[in-house]
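Chemist: Just dropping this structure here.
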Amino acid sequence: MQSPPSARPTGITILAILAAIAGIFGLLGGLVVLGIGGALAGAGVLGGLIGIIGIVVLVVAIGELAFAYGAWTLKPWAWTLGVAVEIVGIIVDVLYILAGASISSQIIGIVISLAILYYLDTPAVRAAFGKPAASRFSSMTTRK
């Protein structure tokens, strides 16, 4: 396993800052959604579903904050967490679309998450986190 370089790449610094901002707003938004779910609890299934989405948003926000710290300090576990958080974020965006949210705003979130996933899979970023530089997708196309 390679040791991370001493200088953090600029792109990872930007990701860490944006993840921290997203985590803070996610905590606030998750609490609001959870509160709405609680207010609608008497409405049956809808209130319960909104409450569950609020909990998922809070979990993703905590994941974003943990990723921000890990990316800032180039912890090897942060790469895996970043990938997981982006995948869960895409799932949450799809759930919002299914719940009736604005499709255009959720599509923007999905595109951003896909761009972050692509960036995290680049050899330089993988190496910065101490991950092997070979993309996991390249092994699928190579035959022995």
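How things are named: the first chain in the structure tokens is A, the next is B, and so on; residues count from 1 in each chain; ligands count from 1 in the order shown.
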Might you pull out every residue within 9 Å of range 45-55 of chain A, with only C-alpha atoms counted and same-chain residues fewer than 2 positions away left off, and present them as a list in words?
Modeler: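 So, after excluding close chain neighbours, the residues are Gly29, Gly30, Leu31, Val32, Val33, Leu34, Gly35, Ile36, Gly37, Gly38, Ala39, Leu40, Ala41, Gly42, Ala43, Val57, Leu58, Val59, Val60, Val92, Leu95, Tyr96 and Ala99 of chain A.
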Chemist: For those residues, write N, CA and C atoms to a file as a compact mmCIF listing (two decimals), in the first residue's frame.
Modeler:
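Written out: selection13.txt:
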```
# COMPACT_ATOMS: atom_id res chain seq x y z
N GLY A 29 -31.16 20.41 6.62
CA GLY A 29 -32.26 19.93 5.78
C GLY A 29 -32.86 18.64 6.31
N GLY A 30 -32.01 17.74 6.78
CA GLY A 30 -32.51 16.49 7.32
C GLY A 30 -33.38 16.70 8.55
N LEU A 31 -32.97 17.65 9.39
CA LEU A 31 -33.78 17.96 10.57
C LEU A 31 -35.13 18.55 10.17
N VAL A 32 -35.13 19.39 9.14
CA VAL A 32 -36.40 19.96 8.66
C VAL A 32 -37.30 18.86 8.11
N VAL A 33 -36.74 18.00 7.26
CA VAL A 33 -37.53 16.91 6.67
C VAL A 33 -38.03 15.97 7.76
N LEU A 34 -37.19 15.68 8.74
CA LEU A 34 -37.59 14.82 9.85
C LEU A 34 -38.73 15.48 10.64
N GLY A 35 -38.64 16.79 10.82
CA GLY A 35 -39.70 17.52 11.51
C GLY A 35 -41.01 17.49 10.75
N ILE A 36 -40.93 17.62 9.42
CA ILE A 36 -42.14 17.55 8.60
C ILE A 36 -42.75 16.16 8.70
N GLY A 37 -41.88 15.14 8.66
CA GLY A 37 -42.37 13.76 8.81
C GLY A 37 -43.06 13.56 10.15
N GLY A 38 -42.48 14.15 11.20
CA GLY A 38 -43.09 14.05 12.52
C GLY A 38 -44.42 14.77 12.58
N ALA A 39 -44.50 15.93 11.91
CA ALA A 39 -45.75 16.69 11.90
C ALA A 39 -46.84 15.94 11.14
N LEU A 40 -46.42 15.16 10.14
CA LEU A 40 -47.38 14.41 9.33
C LEU A 40 -47.57 12.97 9.82
N ALA A 41 -47.04 12.67 10.98
CA ALA A 41 -47.10 11.30 11.48
C ALA A 41 -48.54 10.80 11.59
N GLY A 42 -49.45 11.69 11.89
CA GLY A 42 -50.86 11.31 11.97
C GLY A 42 -51.46 11.04 10.60
N ALA A 43 -50.74 11.46 9.53
CA ALA A 43 -51.25 11.28 8.17
C ALA A 43 -50.98 9.87 7.65
N VAL A 57 -31.27 11.38 5.02
CA VAL A 57 -30.57 12.63 4.73
C VAL A 57 -29.60 12.97 5.86
N LEU A 58 -30.00 12.75 7.10
CA LEU A 58 -29.11 13.00 8.24
C LEU A 58 -27.89 12.07 8.20
N VAL A 59 -28.10 10.81 7.87
CA VAL A 59 -27.00 9.85 7.79
C VAL A 59 -26.03 10.25 6.68
N VAL A 60 -26.58 10.64 5.53
CA VAL A 60 -25.72 11.09 4.42
C VAL A 60 -24.95 12.34 4.82
N VAL A 92 -30.79 8.85 -2.77
CA VAL A 92 -31.67 9.83 -2.11
C VAL A 92 -32.26 10.78 -3.15
N LEU A 95 -35.05 9.05 -4.76
CA LEU A 95 -36.20 8.99 -3.86
C LEU A 95 -36.95 10.32 -3.82
N TYR A 96 -36.19 11.41 -3.84
CA TYR A 96 -36.84 12.73 -3.88
C TYR A 96 -37.66 12.89 -5.15
N ALA A 99 -40.76 11.06 -4.79
CA ALA A 99 -41.65 11.71 -3.82
C ALA A 99 -42.28 12.97 -4.38
```
Chemist: Write down as a ChimeraX atom specification the residues belonging to range 70-121 of chain A that are assigned alpha helix (DSSP H) by DSSP computed on the backbone.
Modeler: /A:70-72,76-98,103-120
Chemist: Those same residues - N, CA and C atoms - I'd like them written as a CSV table (one decimal), in the first residue's frame.
Modeler:
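Final output, again.csv:
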```csv
chain,number,residue,atom,x,y,z
A,70,GLY,N,-11.9,13.2,6.4
A,70,GLY,CA,-11.0,12.2,5.9
A,70,GLY,C,-10.3,12.7,4.6
A,71,ALA,N,-11.0,13.4,3.8
A,71,ALA,CA,-10.4,13.9,2.5
A,71,ALA,C,-9.4,15.0,2.9
A,72,TRP,N,-9.7,15.9,3.8
A,72,TRP,CA,-8.8,16.9,4.2
A,72,TRP,C,-7.5,16.4,4.7
A,76,PRO,N,-7.0,7.0,4.2
A,76,PRO,CA,-7.3,6.0,3.2
A,76,PRO,C,-8.8,5.6,3.2
A,77,TRP,N,-9.4,5.5,4.4
A,77,TRP,CA,-10.8,5.1,4.5
A,77,TRP,C,-11.8,6.2,3.9
A,78,ALA,N,-11.3,7.4,3.7
A,78,ALA,CA,-12.1,8.5,3.2
A,78,ALA,C,-12.5,8.3,1.8
A,79,TRP,N,-11.6,7.6,1.0
A,79,TRP,CA,-11.9,7.4,-0.4
A,79,TRP,C,-13.2,6.5,-0.5
A,80,THR,N,-13.2,5.4,0.3
A,80,THR,CA,-14.3,4.4,0.3
A,80,THR,C,-15.5,5.1,0.8
A,81,LEU,N,-15.4,5.9,1.8
A,81,LEU,CA,-16.6,6.6,2.4
A,81,LEU,C,-17.1,7.6,1.3
A,82,GLY,N,-16.2,8.3,0.6
A,82,GLY,CA,-16.7,9.3,-0.4
A,82,GLY,C,-17.5,8.6,-1.5
A,83,VAL,N,-17.0,7.4,-1.9
A,83,VAL,CA,-17.7,6.7,-3.0
A,83,VAL,C,-19.1,6.3,-2.4
A,84,ALA,N,-19.1,5.7,-1.2
A,84,ALA,CA,-20.4,5.3,-0.6
A,84,ALA,C,-21.4,6.4,-0.4
A,85,VAL,N,-20.9,7.5,0.0
A,85,VAL,CA,-21.8,8.7,0.3
A,85,VAL,C,-22.4,9.2,-1.0
A,86,GLU,N,-21.6,9.2,-2.1
A,86,GLU,CA,-22.1,9.7,-3.4
A,86,GLU,C,-23.1,8.7,-3.9
A,87,ILE,N,-22.9,7.4,-3.8
A,87,ILE,CA,-23.9,6.4,-4.2
A,87,ILE,C,-25.2,6.6,-3.5
A,88,VAL,N,-25.1,6.7,-2.1
A,88,VAL,CA,-26.3,6.9,-1.3
A,88,VAL,C,-27.0,8.2,-1.7
A,89,GLY,N,-26.1,9.3,-2.0
A,89,GLY,CA,-26.7,10.6,-2.4
A,89,GLY,C,-27.5,10.4,-3.7
A,90,ILE,N,-27.0,9.6,-4.6
A,90,ILE,CA,-27.8,9.4,-5.9
A,90,ILE,C,-29.1,8.7,-5.6
A,91,ILE,N,-29.1,7.7,-4.7
A,91,ILE,CA,-30.3,7.0,-4.3
A,91,ILE,C,-31.3,8.0,-3.6
A,92,VAL,N,-30.8,8.9,-2.8
A,92,VAL,CA,-31.7,9.8,-2.1
A,92,VAL,C,-32.3,10.8,-3.1
A,93,ASP,N,-31.5,11.2,-4.1
A,93,ASP,CA,-32.0,12.1,-5.2
A,93,ASP,C,-33.1,11.4,-5.9
A,94,VAL,N,-32.9,10.1,-6.2
A,94,VAL,CA,-34.0,9.4,-6.9
A,94,VAL,C,-35.2,9.3,-6.1
A,95,LEU,N,-35.1,9.1,-4.8
A,95,LEU,CA,-36.2,9.0,-3.9
A,95,LEU,C,-36.9,10.3,-3.8
A,96,TYR,N,-36.2,11.4,-3.8
A,96,TYR,CA,-36.8,12.7,-3.9
A,96,TYR,C,-37.7,12.9,-5.2
A,97,ILE,N,-37.1,12.4,-6.3
A,97,ILE,CA,-37.9,12.5,-7.5
A,97,ILE,C,-39.2,11.7,-7.4
A,98,LEU,N,-39.1,10.5,-6.9
A,98,LEU,CA,-40.2,9.6,-6.7
A,98,LEU,C,-41.3,10.3,-5.7
A,103,ILE,N,-37.6,17.6,-10.6
A,103,ILE,CA,-36.7,16.7,-11.3
A,103,ILE,C,-35.4,17.4,-11.7
A,104,SER,N,-35.5,18.6,-12.1
A,104,SER,CA,-34.3,19.3,-12.6
A,104,SER,C,-33.3,19.5,-11.5
A,105,SER,N,-33.7,19.9,-10.3
A,105,SER,CA,-32.7,20.0,-9.2
A,105,SER,C,-32.1,18.7,-8.8
A,106,GLN,N,-32.9,17.7,-8.8
A,106,GLN,CA,-32.4,16.4,-8.4
A,106,GLN,C,-31.4,15.8,-9.5
A,107,ILE,N,-31.7,16.1,-10.7
A,107,ILE,CA,-30.8,15.6,-11.8
A,107,ILE,C,-29.5,16.3,-11.7
A,108,ILE,N,-29.5,17.6,-11.3
A,108,ILE,CA,-28.2,18.3,-11.1
A,108,ILE,C,-27.4,17.6,-10.0
A,109,GLY,N,-28.1,17.2,-8.9
A,109,GLY,CA,-27.4,16.5,-7.8
A,109,GLY,C,-26.8,15.2,-8.3
A,110,ILE,N,-27.6,14.5,-9.1
A,110,ILE,CA,-27.1,13.2,-9.6
A,110,ILE,C,-25.9,13.4,-10.5
A,111,VAL,N,-25.9,14.4,-11.4
A,111,VAL,CA,-24.8,14.6,-12.3
A,111,VAL,C,-23.6,15.0,-11.5
A,112,ILE,N,-23.7,15.8,-10.4
A,112,ILE,CA,-22.6,16.2,-9.6
A,112,ILE,C,-22.0,15.0,-8.9
A,113,SER,N,-22.9,14.1,-8.4
A,113,SER,CA,-22.4,12.9,-7.7
A,113,SER,C,-21.7,12.0,-8.7
A,114,LEU,N,-22.2,11.9,-9.9
A,114,LEU,CA,-21.5,11.1,-10.9
A,114,LEU,C,-20.1,11.7,-11.2
A,115,ALA,N,-20.0,13.0,-11.3
A,115,ALA,CA,-18.7,13.6,-11.6
A,115,ALA,C,-17.8,13.4,-10.5
A,116,ILE,N,-18.2,13.5,-9.2
A,116,ILE,CA,-17.4,13.2,-8.1
A,116,ILE,C,-16.9,11.8,-8.1
A,117,LEU,N,-17.8,10.9,-8.4
A,117,LEU,CA,-17.4,9.4,-8.4
A,117,LEU,C,-16.3,9.2,-9.5
A,118,TYR,N,-16.5,9.9,-10.6
A,118,TYR,CA,-15.5,9.8,-11.7
A,118,TYR,C,-14.2,10.3,-11.2
A,119,TYR,N,-14.2,11.5,-10.6
A,119,TYR,CA,-13.0,12.1,-10.1
A,119,TYR,C,-12.3,11.3,-9.0
A,120,LEU,N,-13.1,10.7,-8.1
A,120,LEU,CA,-12.5,9.8,-7.1
A,120,LEU,C,-11.8,8.6,-7.7
```
Chemist: I'd like the neighbourhood of Glu64 in chain A as a PyMOL selection string, where a residue qualifies if any of its atoms comes within 7 Å (using only C-alpha atoms), though same-chain residues fewer than 6 positions away should be ignored.
Modeler: chain A and resi 19-20+22-23+85
Chemist: Could those residues be written to a file, using C-alpha atoms, as a PDB file, in the first residue's frame?
Modeler:
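Dumped everything to selection22.pdb:
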```pdb
ATOM      1  CA  ALA A  19     -18.445  18.019   1.450  1.00  0.00           C
ATOM      2  CA  ALA A  20     -18.264  19.985   4.708  1.00  0.00           C
ATOM      3  CA  ALA A  22     -23.002  19.837   2.038  1.00  0.00           C
ATOM      4  CA  GLY A  23     -22.813  18.068   5.400  1.00  0.00           C
ATOM      5  CA  VAL A  85     -21.760   8.704   0.274  1.00  0.00           C
TER       6      VAL A  85
END
```
Chemist: Quick one: pull the distance between CA of Leu74 in chain A and CA of Ile12 in chain A, Å, one decimal.
Modeler: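 It comes out at 8.5 Å.
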Chemist: Mind giving me the straight-line distance from CA of Ile17 in chain A to CA of Pro132 in chain A in Å, one decimal?
Modeler: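 Interatomic distance here is 24.4 Å.
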Chemist: Given only C-alpha atoms as the basis, pick out the residue of A:Ala128, A:Ala133, A:Ala7, A:Ile21 nearest to Leu65 in chain A.
Modeler: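 Closest to Leu65 in chain A of all the choices is A:Ile21.
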Chemist: In Å, rounded to a single decimal, give me how far CA of Ser102 in chain A is from CA of Phe67 in chain A.
Modeler: 27.0 Å
